[in-house]
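S.K.: The file below is run25.pdb, PDB, C-alpha atoms (C1' of nucleotides):
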```pdb
ATOM      1  CA  MET A   1       1.399 -29.306  -2.552
ATOM      2  CA  ARG A   2      -1.470 -27.937  -0.604
ATOM      3  CA  VAL A   3      -1.169 -24.594   1.028
ATOM      4  CA  THR A   4      -3.774 -23.404   3.475
ATOM      5  CA  PHE A   5      -4.271 -20.542   5.919
ATOM      6  CA  ARG A   6      -7.093 -22.432   7.571
ATOM      7  CA  ARG A   7      -6.546 -23.701  11.060
ATOM      8  CA  PRO A   8      -8.821 -26.204  12.697
ATOM      9  CA  ASP A   9     -11.993 -24.329  13.546
ATOM     10  CA  PRO A  10     -12.718 -23.822  17.223
ATOM     11  CA  ARG A  11     -16.309 -24.001  18.293
ATOM     12  CA  ASP A  12     -16.963 -20.331  17.774
ATOM     13  CA  PRO A  13     -14.704 -18.345  15.428
ATOM     14  CA  GLY A  14     -16.015 -15.085  16.798
ATOM     15  CA  ARG A  15     -15.166 -15.802  20.384
ATOM     16  CA  PRO A  16     -12.167 -13.811  21.639
ATOM     17  CA  VAL A  17      -9.739 -16.155  23.328
ATOM     18  CA  TYR A  18      -6.137 -15.329  22.436
ATOM     19  CA  VAL A  19      -4.002 -12.741  24.187
ATOM     20  CA  ILE A  20      -1.671 -10.744  22.015
ATOM     21  CA  SER A  21       1.405 -12.916  22.439
ATOM     22  CA  VAL A  22      -0.533 -16.007  21.443
ATOM     23  CA  ALA A  23      -2.146 -14.341  18.455
ATOM     24  CA  ALA A  24       1.244 -13.011  17.374
ATOM     25  CA  SER A  25       2.728 -16.451  17.635
ATOM     26  CA  ILE A  26      -0.099 -18.026  15.631
ATOM     27  CA  VAL A  27       0.360 -15.648  12.714
ATOM     28  CA  SER A  28       4.148 -15.320  13.150
ATOM     29  CA  VAL A  29       4.328 -11.610  13.684
ATOM     30  CA  HIS A  30       5.587  -9.439  16.484
ATOM     31  CA  PRO A  31       3.052  -8.270  19.081
ATOM     32  CA  ARG A  32       4.215  -4.776  18.239
ATOM     33  CA  THR A  33       2.999  -5.328  14.693
ATOM     34  CA  LEU A  34      -0.469  -6.390  15.880
ATOM     35  CA  ARG A  35      -0.722  -3.174  17.875
ATOM     36  CA  ILE A  36       0.208  -1.221  14.770
ATOM     37  CA  TYR A  37      -2.484  -3.008  12.754
ATOM     38  CA  GLU A  38      -4.978  -2.112  15.446
ATOM     39  CA  ASP A  39      -3.809   1.506  15.466
ATOM     40  CA  ALA A  40      -4.304   1.501  11.687
ATOM     41  CA  GLY A  41      -7.866   0.309  12.162
ATOM     42  CA  LEU A  42      -7.289  -2.959  10.352
ATOM     43  CA  VAL A  43      -8.193  -5.290  13.188
ATOM     44  CA  CYS A  44     -10.105  -4.661  16.397
ATOM     45  CA  PRO A  45      -9.627  -7.366  18.995
ATOM     46  CA  ALA A  46     -11.948  -7.555  21.935
ATOM     47  CA  ARG A  47     -10.872  -6.209  25.340
ATOM     48  CA  THR A  48     -11.335  -7.737  28.744
ATOM     49  CA  PRO A  49     -12.686  -5.580  31.568
ATOM     50  CA  THR A  50      -9.017  -4.927  32.432
ATOM     51  CA  ASN A  51      -8.233  -3.814  28.902
ATOM     52  CA  ILE A  52      -6.320  -6.891  27.820
ATOM     53  CA  ARG A  53      -6.646  -7.589  24.121
ATOM     54  CA  LEU A  54      -8.271 -10.874  23.165
ATOM     55  CA  TYR A  55      -8.184 -12.049  19.572
ATOM     56  CA  SER A  56     -10.762 -14.382  18.035
ATOM     57  CA  GLU A  57     -10.274 -16.839  15.177
ATOM     58  CA  ASN A  58     -11.860 -14.274  12.895
ATOM     59  CA  ASP A  59      -9.272 -11.748  14.023
ATOM     60  CA  ILE A  60      -6.538 -14.270  13.344
ATOM     61  CA  ARG A  61      -7.838 -14.855   9.830
ATOM     62  CA  ARG A  62      -8.059 -11.142   9.244
ATOM     63  CA  VAL A  63      -4.440 -10.730  10.265
ATOM     64  CA  MET A  64      -3.484 -13.568   7.969
ATOM     65  CA  TRP A  65      -5.088 -11.698   5.101
ATOM     66  CA  ILE A  66      -3.235  -8.559   6.080
ATOM     67  CA  ARG A  67       0.004 -10.491   6.026
ATOM     68  CA  HIS A  68      -0.799 -12.059   2.671
ATOM     69  CA  LEU A  69      -1.627  -8.718   1.129
ATOM     70  CA  THR A  70       1.379  -6.913   2.592
ATOM     71  CA  GLN A  71       4.050  -9.594   2.426
ATOM     72  CA  ASN A  72       3.085 -11.493  -0.726
ATOM     73  CA  LEU A  73       1.348  -8.830  -2.783
ATOM     74  CA  GLY A  74       3.255  -5.783  -1.510
ATOM     75  CA  VAL A  75       0.162  -3.797  -0.581
ATOM     76  CA  ASN A  76       0.763  -1.184   2.092
ATOM     77  CA  LEU A  77      -1.484  -0.776   5.134
ATOM     78  CA  ALA A  78      -3.475   2.069   3.579
ATOM     79  CA  GLY A  79      -4.198  -0.181   0.626
ATOM     80  CA  VAL A  80      -5.270  -3.004   2.891
ATOM     81  CA  ARG A  81      -7.641  -0.645   4.659
ATOM     82  CA  ILE A  82      -9.213   0.388   1.348
ATOM     83  CA  LEU A  83      -9.616  -3.224   0.307
ATOM     84  CA  PHE A  84     -11.299  -4.087   3.595
ATOM     85  CA  GLU A  85     -13.578  -1.074   3.312
ATOM     86  CA  LEU A  86     -14.598  -2.056  -0.201
ATOM     87  CA  GLU A  87     -15.389  -5.531   0.993
ATOM     88  CA  GLU A  88     -17.603  -4.146   3.726
ATOM     89  CA  ARG A  89     -19.388  -1.831   1.317
ATOM     90  CA  LEU A  90     -19.983  -4.471  -1.295
ATOM     91  CA  GLY A  91     -21.117  -6.939   1.319
ATOM     92  CA  THR A  92     -19.221  -9.759  -0.363
ATOM     93  CA  ARG A  93     -15.861 -11.407   0.055
ATOM     94  CA  ILE A  94     -14.235  -9.767  -2.909
ATOM     95  CA  LEU A  95     -10.707 -10.521  -1.756
ATOM     96  CA  GLU A  96     -11.366 -14.178  -2.359
ATOM     97  CA  ARG A  97     -11.410 -13.305  -6.037
ATOM     98  CA  LEU A  98      -7.727 -12.622  -5.747
ATOM     99  CA  TYR A  99      -7.023 -15.789  -3.907
ATOM    100  CA  ASP A 100      -9.357 -18.291  -5.536
ATOM    101  CA  GLU A 101      -8.224 -17.539  -9.042
ATOM    102  CA  GLY A 102      -4.563 -17.855  -8.269
ATOM    103  CA  VAL A 103      -3.630 -14.737 -10.125
ATOM    104  CA  ARG A 104      -0.464 -14.294  -8.166
ATOM    105  CA  ASP A 105       1.450 -17.499  -8.384
ATOM    106  CA  ALA A 106       1.191 -21.231  -8.607
ATOM    107  CA  GLU A 107       1.121 -21.563  -4.856
ATOM    108  CA  THR A 108      -2.056 -19.585  -4.500
ATOM    109  CA  ALA A 109      -3.463 -21.540  -7.414
ATOM    110  CA  ALA A 110      -2.688 -24.754  -5.580
ATOM    111  CA  ALA A 111      -4.547 -23.422  -2.578
ATOM    112  CA  ALA A 112      -7.755 -22.974  -4.543
ATOM    113  CA  SER A 113      -9.524 -25.809  -2.802
ATOM    114  CA  ALA A 114     -12.513 -24.814  -0.693
ATOM    115  CA  ASP A 115     -10.796 -25.147   2.645
ATOM    116  CA  ALA A 116      -7.742 -23.211   1.601
ATOM    117  CA  ASN A 117      -9.352 -19.816   1.601
ATOM    118  CA  PRO A 118      -8.314 -17.236   4.112
ATOM    119  CA  GLU A 119     -11.376 -15.317   5.082
ATOM    120  CA  PRO A 120     -11.051 -11.649   5.808
ATOM    121  CA  SER A 121     -13.992 -10.826   7.967
ATOM    122  CA  ALA A 122     -15.527  -7.362   8.181
ATOM    123  CA  SER A 123     -17.322  -8.431  11.313
ATOM    124  CA  SER A 124     -14.213  -8.194  13.433
ATOM    125  CA  ALA A 125     -13.482  -4.633  12.475
TER
ATOM    126  CA  MET B   1     -16.774  24.617  -3.893
ATOM    127  CA  ARG B   2     -17.123  21.932  -6.426
ATOM    128  CA  VAL B   3     -14.261  19.622  -7.067
ATOM    129  CA  THR B   4     -14.147  17.426 -10.125
ATOM    130  CA  PHE B   5     -11.681  15.217 -11.969
ATOM    131  CA  ARG B   6     -13.800  15.334 -15.089
ATOM    132  CA  ARG B   7     -12.488  17.237 -18.073
ATOM    133  CA  PRO B   8     -14.597  18.118 -21.050
ATOM    134  CA  ASP B   9     -15.139  14.876 -22.944
ATOM    135  CA  PRO B  10     -13.484  14.610 -26.324
ATOM    136  CA  ARG B  11     -15.365  12.792 -29.048
ATOM    137  CA  ASP B  12     -13.857   9.424 -28.260
ATOM    138  CA  PRO B  13     -12.411   8.815 -24.780
ATOM    139  CA  GLY B  14     -10.629   5.716 -26.003
ATOM    140  CA  ARG B  15      -8.726   7.427 -28.750
ATOM    141  CA  PRO B  16      -5.026   7.860 -27.972
ATOM    142  CA  VAL B  17      -4.073  11.457 -28.649
ATOM    143  CA  TYR B  18      -1.742  12.806 -25.943
ATOM    144  CA  VAL B  19       2.014  12.390 -25.910
ATOM    145  CA  ILE B  20       3.591  11.833 -22.538
ATOM    146  CA  SER B  21       4.463  15.435 -21.777
ATOM    147  CA  VAL B  22       0.903  16.523 -22.476
ATOM    148  CA  ALA B  23      -0.613  13.713 -20.418
ATOM    149  CA  ALA B  24       1.778  14.520 -17.578
ATOM    150  CA  SER B  25       0.801  18.135 -17.703
ATOM    151  CA  ILE B  26      -2.908  17.326 -17.687
ATOM    152  CA  VAL B  27      -2.665  15.235 -14.543
ATOM    153  CA  SER B  28       0.141  17.310 -12.989
ATOM    154  CA  VAL B  29       2.739  14.600 -12.672
ATOM    155  CA  HIS B  30       6.215  14.169 -14.031
ATOM    156  CA  PRO B  31       6.598  12.182 -17.266
ATOM    157  CA  ARG B  32       8.979   9.983 -15.319
ATOM    158  CA  THR B  33       6.123   9.095 -13.012
ATOM    159  CA  LEU B  34       3.897   8.054 -15.929
ATOM    160  CA  ARG B  35       6.642   5.736 -17.149
ATOM    161  CA  ILE B  36       6.850   4.218 -13.697
ATOM    162  CA  TYR B  37       3.076   3.667 -13.644
ATOM    163  CA  GLU B  38       3.383   1.927 -17.000
ATOM    164  CA  ASP B  39       6.283  -0.213 -15.767
ATOM    165  CA  ALA B  40       4.081  -1.155 -12.805
ATOM    166  CA  GLY B  41       1.363  -2.254 -15.204
ATOM    167  CA  LEU B  42      -1.120   0.323 -13.954
ATOM    168  CA  VAL B  43      -1.661   2.092 -17.248
ATOM    169  CA  CYS B  44      -0.917   1.018 -20.803
ATOM    170  CA  PRO B  45      -0.903   3.886 -23.273
ATOM    171  CA  ALA B  46      -1.016   3.164 -26.962
ATOM    172  CA  ARG B  47       2.154   3.383 -29.060
ATOM    173  CA  THR B  48       2.672   4.918 -32.468
ATOM    174  CA  PRO B  49       4.489   2.921 -35.154
ATOM    175  CA  THR B  50       7.622   4.764 -33.960
ATOM    176  CA  ASN B  51       7.042   3.733 -30.355
ATOM    177  CA  ILE B  52       5.842   7.061 -29.058
ATOM    178  CA  ARG B  53       3.386   6.749 -26.184
ATOM    179  CA  LEU B  54      -0.073   8.179 -26.803
ATOM    180  CA  TYR B  55      -2.502   8.520 -23.915
ATOM    181  CA  SER B  56      -6.275   8.533 -24.310
ATOM    182  CA  GLU B  57      -8.858  10.222 -22.091
ATOM    183  CA  ASN B  58      -9.462   6.887 -20.462
ATOM    184  CA  ASP B  59      -5.768   6.656 -19.691
ATOM    185  CA  ILE B  60      -5.880  10.140 -18.217
ATOM    186  CA  ARG B  61      -8.793   9.188 -15.971
ATOM    187  CA  ARG B  62      -7.018   6.062 -14.903
ATOM    188  CA  VAL B  63      -3.973   8.073 -13.915
ATOM    189  CA  MET B  64      -6.209  10.460 -12.017
ATOM    190  CA  TRP B  65      -7.522   7.534 -10.021
ATOM    191  CA  ILE B  66      -3.994   6.367  -9.356
ATOM    192  CA  ARG B  67      -3.134   9.800  -8.072
ATOM    193  CA  HIS B  68      -6.235   9.948  -5.906
ATOM    194  CA  LEU B  69      -5.526   6.558  -4.395
ATOM    195  CA  THR B  70      -1.824   7.210  -3.824
ATOM    196  CA  GLN B  71      -1.816  10.869  -2.854
ATOM    197  CA  ASN B  72      -5.122  11.224  -0.997
ATOM    198  CA  LEU B  73      -5.660   7.725   0.380
ATOM    199  CA  GLY B  74      -2.012   6.717   0.798
ATOM    200  CA  VAL B  75      -2.322   3.498  -1.153
ATOM    201  CA  ASN B  76       0.934   2.287  -2.666
ATOM    202  CA  LEU B  77       1.244   1.162  -6.270
ATOM    203  CA  ALA B  78       0.917  -2.525  -5.448
ATOM    204  CA  GLY B  79      -2.346  -1.718  -3.696
ATOM    205  CA  VAL B  80      -3.588   0.259  -6.667
ATOM    206  CA  ARG B  81      -2.807  -2.695  -8.905
ATOM    207  CA  ILE B  82      -4.826  -5.027  -6.682
ATOM    208  CA  LEU B  83      -7.757  -2.622  -6.648
ATOM    209  CA  PHE B  84      -7.680  -2.371 -10.430
ATOM    210  CA  GLU B  85      -7.488  -6.137 -10.773
ATOM    211  CA  LEU B  86     -10.453  -6.612  -8.473
ATOM    212  CA  GLU B  87     -12.430  -4.145 -10.510
ATOM    213  CA  GLU B  88     -11.659  -6.076 -13.664
ATOM    214  CA  ARG B  89     -12.605  -9.384 -12.093
ATOM    215  CA  LEU B  90     -15.839  -8.128 -10.630
ATOM    216  CA  GLY B  91     -16.729  -6.422 -13.867
ATOM    217  CA  THR B  92     -18.047  -3.390 -11.997
ATOM    218  CA  ARG B  93     -16.680  -0.021 -11.000
ATOM    219  CA  ILE B  94     -16.126  -0.874  -7.383
ATOM    220  CA  LEU B  95     -13.774   2.027  -6.742
ATOM    221  CA  GLU B  96     -16.683   4.375  -7.224
ATOM    222  CA  ARG B  97     -17.988   3.019  -3.956
ATOM    223  CA  LEU B  98     -15.106   4.740  -2.263
ATOM    224  CA  TYR B  99     -15.610   7.963  -4.078
ATOM    225  CA  ASP B 100     -19.375   8.279  -4.348
ATOM    226  CA  GLU B 101     -19.989   7.783  -0.684
ATOM    227  CA  GLY B 102     -17.475  10.365   0.362
ATOM    228  CA  VAL B 103     -15.968   8.173   2.992
ATOM    229  CA  ARG B 104     -12.674   9.970   2.984
ATOM    230  CA  ASP B 105     -13.310  13.611   3.485
ATOM    231  CA  ALA B 106     -15.697  16.467   2.854
ATOM    232  CA  GLU B 107     -14.049  17.251  -0.433
ATOM    233  CA  THR B 108     -14.856  13.922  -1.925
ATOM    234  CA  ALA B 109     -18.319  14.230  -0.438
ATOM    235  CA  ALA B 110     -18.718  17.554  -2.221
ATOM    236  CA  ALA B 111     -17.704  15.868  -5.444
ATOM    237  CA  ALA B 112     -20.468  13.300  -5.184
ATOM    238  CA  SER B 113     -22.475  14.793  -8.018
ATOM    239  CA  ALA B 114     -22.812  12.604 -11.084
ATOM    240  CA  ASP B 115     -20.279  14.410 -13.217
ATOM    241  CA  ALA B 116     -17.635  14.539 -10.517
ATOM    242  CA  ASN B 117     -16.712  10.901 -10.637
ATOM    243  CA  PRO B 118     -13.304   9.867 -11.808
ATOM    244  CA  GLU B 119     -13.655   6.717 -13.769
ATOM    245  CA  PRO B 120     -10.928   4.141 -13.558
ATOM    246  CA  SER B 121     -11.209   2.143 -16.697
ATOM    247  CA  ALA B 122      -9.993  -1.422 -17.042
ATOM    248  CA  SER B 123     -10.207  -1.098 -20.791
ATOM    249  CA  SER B 124      -7.038   0.939 -20.992
ATOM    250  CA  ALA B 125      -4.965  -1.647 -19.219
TER
ATOM    251  C1'  DC C   1      17.611  21.727 -36.215
ATOM    252  C1'  DA C   2      15.944  22.412 -31.648
ATOM    253  C1'  DT C   3      13.026  19.975 -28.984
ATOM    254  C1'  DA C   4      10.928  15.952 -27.402
ATOM    255  C1'  DC C   5      10.585  11.285 -27.636
ATOM    256  C1'  DT C   6      12.729   6.432 -26.436
ATOM    257  C1'  DT C   7      15.623   3.118 -23.499
ATOM    258  C1'  DG C   8      18.249   1.843 -19.166
ATOM    259  C1'  DA C   9      20.381   3.592 -15.202
ATOM    260  C1'  DC C  10      21.688   5.872 -10.736
ATOM    261  C1'  DA C  11      20.495   8.955  -6.935
ATOM    262  C1'  DA C  12      18.241  12.076  -3.258
ATOM    263  C1'  DC C  13      14.723  12.491  -0.079
ATOM    264  C1'  DG C  14      10.674  11.895   2.614
ATOM    265  C1'  DG C  15       7.603   8.444   4.060
ATOM    266  C1'  DC C  16       6.280   3.616   5.324
ATOM    267  C1'  DA C  17       6.511  -1.132   7.720
ATOM    268  C1'  DT C  18       8.505  -3.993  10.810
ATOM    269  C1'  DT C  19      11.055  -4.936  14.597
ATOM    270  C1'  DG C  20      13.381  -3.535  18.717
ATOM    271  C1'  DT C  21      13.585  -1.267  22.934
ATOM    272  C1'  DC C  22      12.350   1.716  26.844
ATOM    273  C1'  DA C  23       9.689   3.458  31.064
ATOM    274  C1'  DA C  24       6.023   3.131  34.210
ATOM    275  C1'  DG C  25       2.050   1.064  35.774
ATOM    276  C1'  DT C  26      -1.458  -2.916  36.059
ATOM    277  C1'  DT C  27      -2.864  -7.713  35.569
ATOM    278  C1'  DT C  28      -2.243 -12.496  35.366
ATOM    279  C1'  DC C  29      -0.521 -16.817  36.355
ATOM    280  C1'  DT C  30       2.440 -20.006  38.721
TER
ATOM    281  C1'  DA D   1       4.378 -13.368  46.520
ATOM    282  C1'  DG D   2       6.520 -12.422  42.598
ATOM    283  C1'  DA D   3       7.840 -13.314  37.826
ATOM    284  C1'  DA D   4       5.958 -12.724  33.541
ATOM    285  C1'  DA D   5       2.953 -10.549  30.500
ATOM    286  C1'  DC D   6      -0.153  -7.151  29.709
ATOM    287  C1'  DT D   7      -1.097  -1.849  28.898
ATOM    288  C1'  DT D   8       0.206   3.008  27.274
ATOM    289  C1'  DG D   9       3.263   6.370  24.720
ATOM    290  C1'  DA D  10       7.607   6.998  22.748
ATOM    291  C1'  DC D  11      12.012   6.803  20.023
ATOM    292  C1'  DA D  12      14.996   4.402  16.759
ATOM    293  C1'  DA D  13      17.235   1.307  13.075
ATOM    294  C1'  DT D  14      16.755  -0.558   8.705
ATOM    295  C1'  DG D  15      15.176  -1.683   4.290
ATOM    296  C1'  DC D  16      11.835  -0.552   0.965
ATOM    297  C1'  DC D  17       8.726   2.598  -1.725
ATOM    298  C1'  DG D  18       7.290   6.762  -4.600
ATOM    299  C1'  DT D  19       8.415  10.720  -6.784
ATOM    300  C1'  DT D  20      11.409  13.585  -8.885
ATOM    301  C1'  DG D  21      15.799  14.582 -10.970
ATOM    302  C1'  DT D  22      19.379  13.645 -14.010
ATOM    303  C1'  DC D  23      22.323  11.257 -17.362
ATOM    304  C1'  DA D  24      23.773   9.034 -21.912
ATOM    305  C1'  DA D  25      22.832   7.682 -26.464
ATOM    306  C1'  DG D  26      19.859   7.241 -30.137
ATOM    307  C1'  DT D  27      15.471   8.366 -32.877
ATOM    308  C1'  DA D  28      11.412  11.124 -34.104
ATOM    309  C1'  DT D  29       8.933  15.286 -34.547
ATOM    310  C1'  DG D  30       7.358  19.970 -35.490
TER
END
```
For the file at hand, write its structure as structure tokens.
M.R.:
Amino acid sequence: MRVTFRRPDPRDPGRPVYVISVAASIVSVHPRTLRIYEDAGLVCPARTPTNIRLYSENDIRRVMWIRHLTQNLGVNLAGVRILFELEERLGTRILERLYDEGVRDAETAAAASADANPEPSASSA
Amino acid sequence: MRVTFRRPDPRDPGRPVYVISVAASIVSVHPRTLRIYEDAGLVCPARTPTNIRLYSENDIRRVMWIRHLTQNLGVNLAGVRILFELEERLGTRILERLYDEGVRDAETAAAASADANPEPSASSA
DNA sequence: CATACTTGACAACGGCATTGTCAAGTTTCT
DNA sequence: AGAAACTTGACAATGCCGTTGTCAAGTATG
């Protein structure tokens, strides 16, 4: 059974298009939680001139990683921040090492195909 | 003021020599806490033929990293485990990137000299 | 032989993560 | 025009986590 975080790519994954309620719905979290992630510095959605948050596909993927790390692996938000910082410093997608090699469970192993990878992106932070 | 985790090196940092009360005293934690770290798979001290734990210098350093990550950076134990696993997979001391570059605070910046680095070691796990 | 080790277990307490809700004001969309 | 959704800051409930503390019973050590 194939598990994937990937959603069909829009034209430009960096383009901010989703307001907070839509982004929350896409990743199945409460809008309040997305605000907390932003307060924690884990995701930085764009803002319109009237200060409305707009999330891009990259932001969505980043939140999906946060959810994977916190819900499935039990990492707290401080730990997620450190992991993201390491990834930025090393300039590589080190978190994929956790996902690609299916260390956690059979489900993540099943998701090892190329299009199954969630992609935390430093560029949105 | 210079801050360092490094203690004077014994002859062989891999040699298990400290019983749990001594190791706990060295790193200023409760022996109960060291047992919890072991249960969490974060550190694996050697055992004597009569099942007494013996910690090596490498184990001590590893615990010092755990303490730094949990106490100073707020990472929980699941997060520490993921960081250690990444380090093993990448085959490099990625956590030093956090420490060497003093991203956290002035104290860690002050400790940036070569002999100030704590060294998490995958070899003790 | 006192002390320290082992195991498994329960508990207190402060902190964390998520969700929920509120008020007041602004913006958006129908 | 007005309902709905957005913003901010704030407080709270609840379950979980991390650390320490303690216990019992048995074994090992100095």
S.K.: Taking all atoms listed in the file into account and nothing else, which residues of chain A lie no more than 9 Å away from chain D? Please answer as a PDB file with C-alpha atoms, in the frame of the given file.
M.R.:
```
ATOM      1  CA  VAL A  19      -4.002 -12.741  24.187  1.00  0.00           C
ATOM      2  CA  ILE A  20      -1.671 -10.744  22.015  1.00  0.00           C
ATOM      3  CA  SER A  21       1.405 -12.916  22.439  1.00  0.00           C
ATOM      4  CA  ASN A  51      -8.233  -3.814  28.902  1.00  0.00           C
ATOM      5  CA  ILE A  52      -6.320  -6.891  27.820  1.00  0.00           C
ATOM      6  CA  ARG A  53      -6.646  -7.589  24.121  1.00  0.00           C
TER       7      ARG A  53
END
```
S.K.: Provide the atom CA of Glu57 of chain B to atom CA of Pro13 of chain B distance in Å, to one decimal place.
M.R.: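 Interatomic distance here is 4.7 Å.
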S.K.: If the cut-off is 9 Å, can you tell me the residues of chain C near chain B, counting all atoms listed in the file? I'd like them as a PyMOL selection string.
M.R.: chain C and resi 4-6
S.K.: Keeping C-alpha atoms (C1' of nucleotides), export the residues of the selection given above as a compact mmCIF listing (two decimals), in the frame of the given file.
M.R.:
```txt
# COMPACT_ATOMS: atom_id res chain seq x y z
C1' DA C 4 10.93 15.95 -27.40
C1' DC C 5 10.58 11.28 -27.64
C1' DT C 6 12.73 6.43 -26.44
```
S.K.: In Å, with one decimal, what is the gap from atom CA of Ile82 of chain A to atom CA of Leu69 of chain B?
M.R.: 9.2 Å
S.K.: Using all atoms listed in the file, tabulate the residues of chain A lying at most 8 Å from any atom of chain B, each with its closest atom pair and that distance in Å to one decimal, by chain and increasing residue number, as JSON lines.
M.R.:
```
{"residue": "A:Leu73", "atom": "CA", "partner": "B:Ala78", "partner_atom": "CA", "distance": 6.9}
{"residue": "A:Gly74", "atom": "CA", "partner": "B:Ala78", "partner_atom": "CA", "distance": 5.6}
{"residue": "A:Val75", "atom": "CA", "partner": "B:Gly79", "partner_atom": "CA", "distance": 4.5}
{"residue": "A:Asn76", "atom": "CA", "partner": "B:Asn76", "partner_atom": "CA", "distance": 5.9}
{"residue": "A:Leu77", "atom": "CA", "partner": "B:Val75", "partner_atom": "CA", "distance": 7.6}
{"residue": "A:Ala78", "atom": "CA", "partner": "B:Val75", "partner_atom": "CA", "distance": 5.1}
{"residue": "A:Gly79", "atom": "CA", "partner": "B:Val75", "partner_atom": "CA", "distance": 4.5}
{"residue": "A:Val80", "atom": "CA", "partner": "B:Gly79", "partner_atom": "CA", "distance": 7.3}
{"residue": "A:Ile82", "atom": "CA", "partner": "B:Val75", "partner_atom": "CA", "distance": 8.0}
{"residue": "A:Leu83", "atom": "CA", "partner": "B:Leu83", "partner_atom": "CA", "distance": 7.2}
{"residue": "A:Leu86", "atom": "CA", "partner": "B:Leu98", "partner_atom": "CA", "distance": 7.1}
{"residue": "A:Arg89", "atom": "CA", "partner": "B:Arg97", "partner_atom": "CA", "distance": 7.3}
{"residue": "A:Ile94", "atom": "CA", "partner": "B:Leu86", "partner_atom": "CA", "distance": 7.4}
{"residue": "A:Leu95", "atom": "CA", "partner": "B:Leu86", "partner_atom": "CA", "distance": 7.8}
{"residue": "A:Arg97", "atom": "CA", "partner": "B:Leu86", "partner_atom": "CA", "distance": 7.2}
{"residue": "A:Leu98", "atom": "CA", "partner": "B:Leu86", "partner_atom": "CA", "distance": 7.1}
```
S.K.: Report, in Å to a single decimal, how far apart atom CA of Met64 of chain A and atom CA of Arg47 of chain A are.
M.R.: 20.3 Å
S.K.: Put the listed atoms of segment 11-29 of chain D in a box along x, y and z with 8 Å added on every side and give me the centre and edge lengths in Å to one decimal, as JSON.
M.R.:
```
{"center_x": 15.5, "center_y": 6.8, "center_z": -7.3, "size_x": 32.5, "size_y": 33.0, "size_z": 70.6}
```
S.K.: Considering all atoms listed in the file, can you say which of B:Glu88, B:Gln71, B:Ser25, B:Asp39 comes closest to DG15 of chain C?
M.R.: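 The closest residue to DG15 of chain C is B:Gln71.
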S.K.: Run through the PyMOL selection byres ((chain B and resi 34) around 10) on the given coordinates and return the selected residues as a list in words.
M.R.: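 This file, filtered by the PyMOL selection byres ((chain B and resi 34) around 10), leaves Ile20, Ser21, Ala23, Ala24, Val27, Val29, His30, Pro31, Arg32, Thr33, Arg35, Ile36, Tyr37, Glu38, Asp39, Ala40, Leu42, Val43, Cys44, Pro45 and Val63 of chain B.
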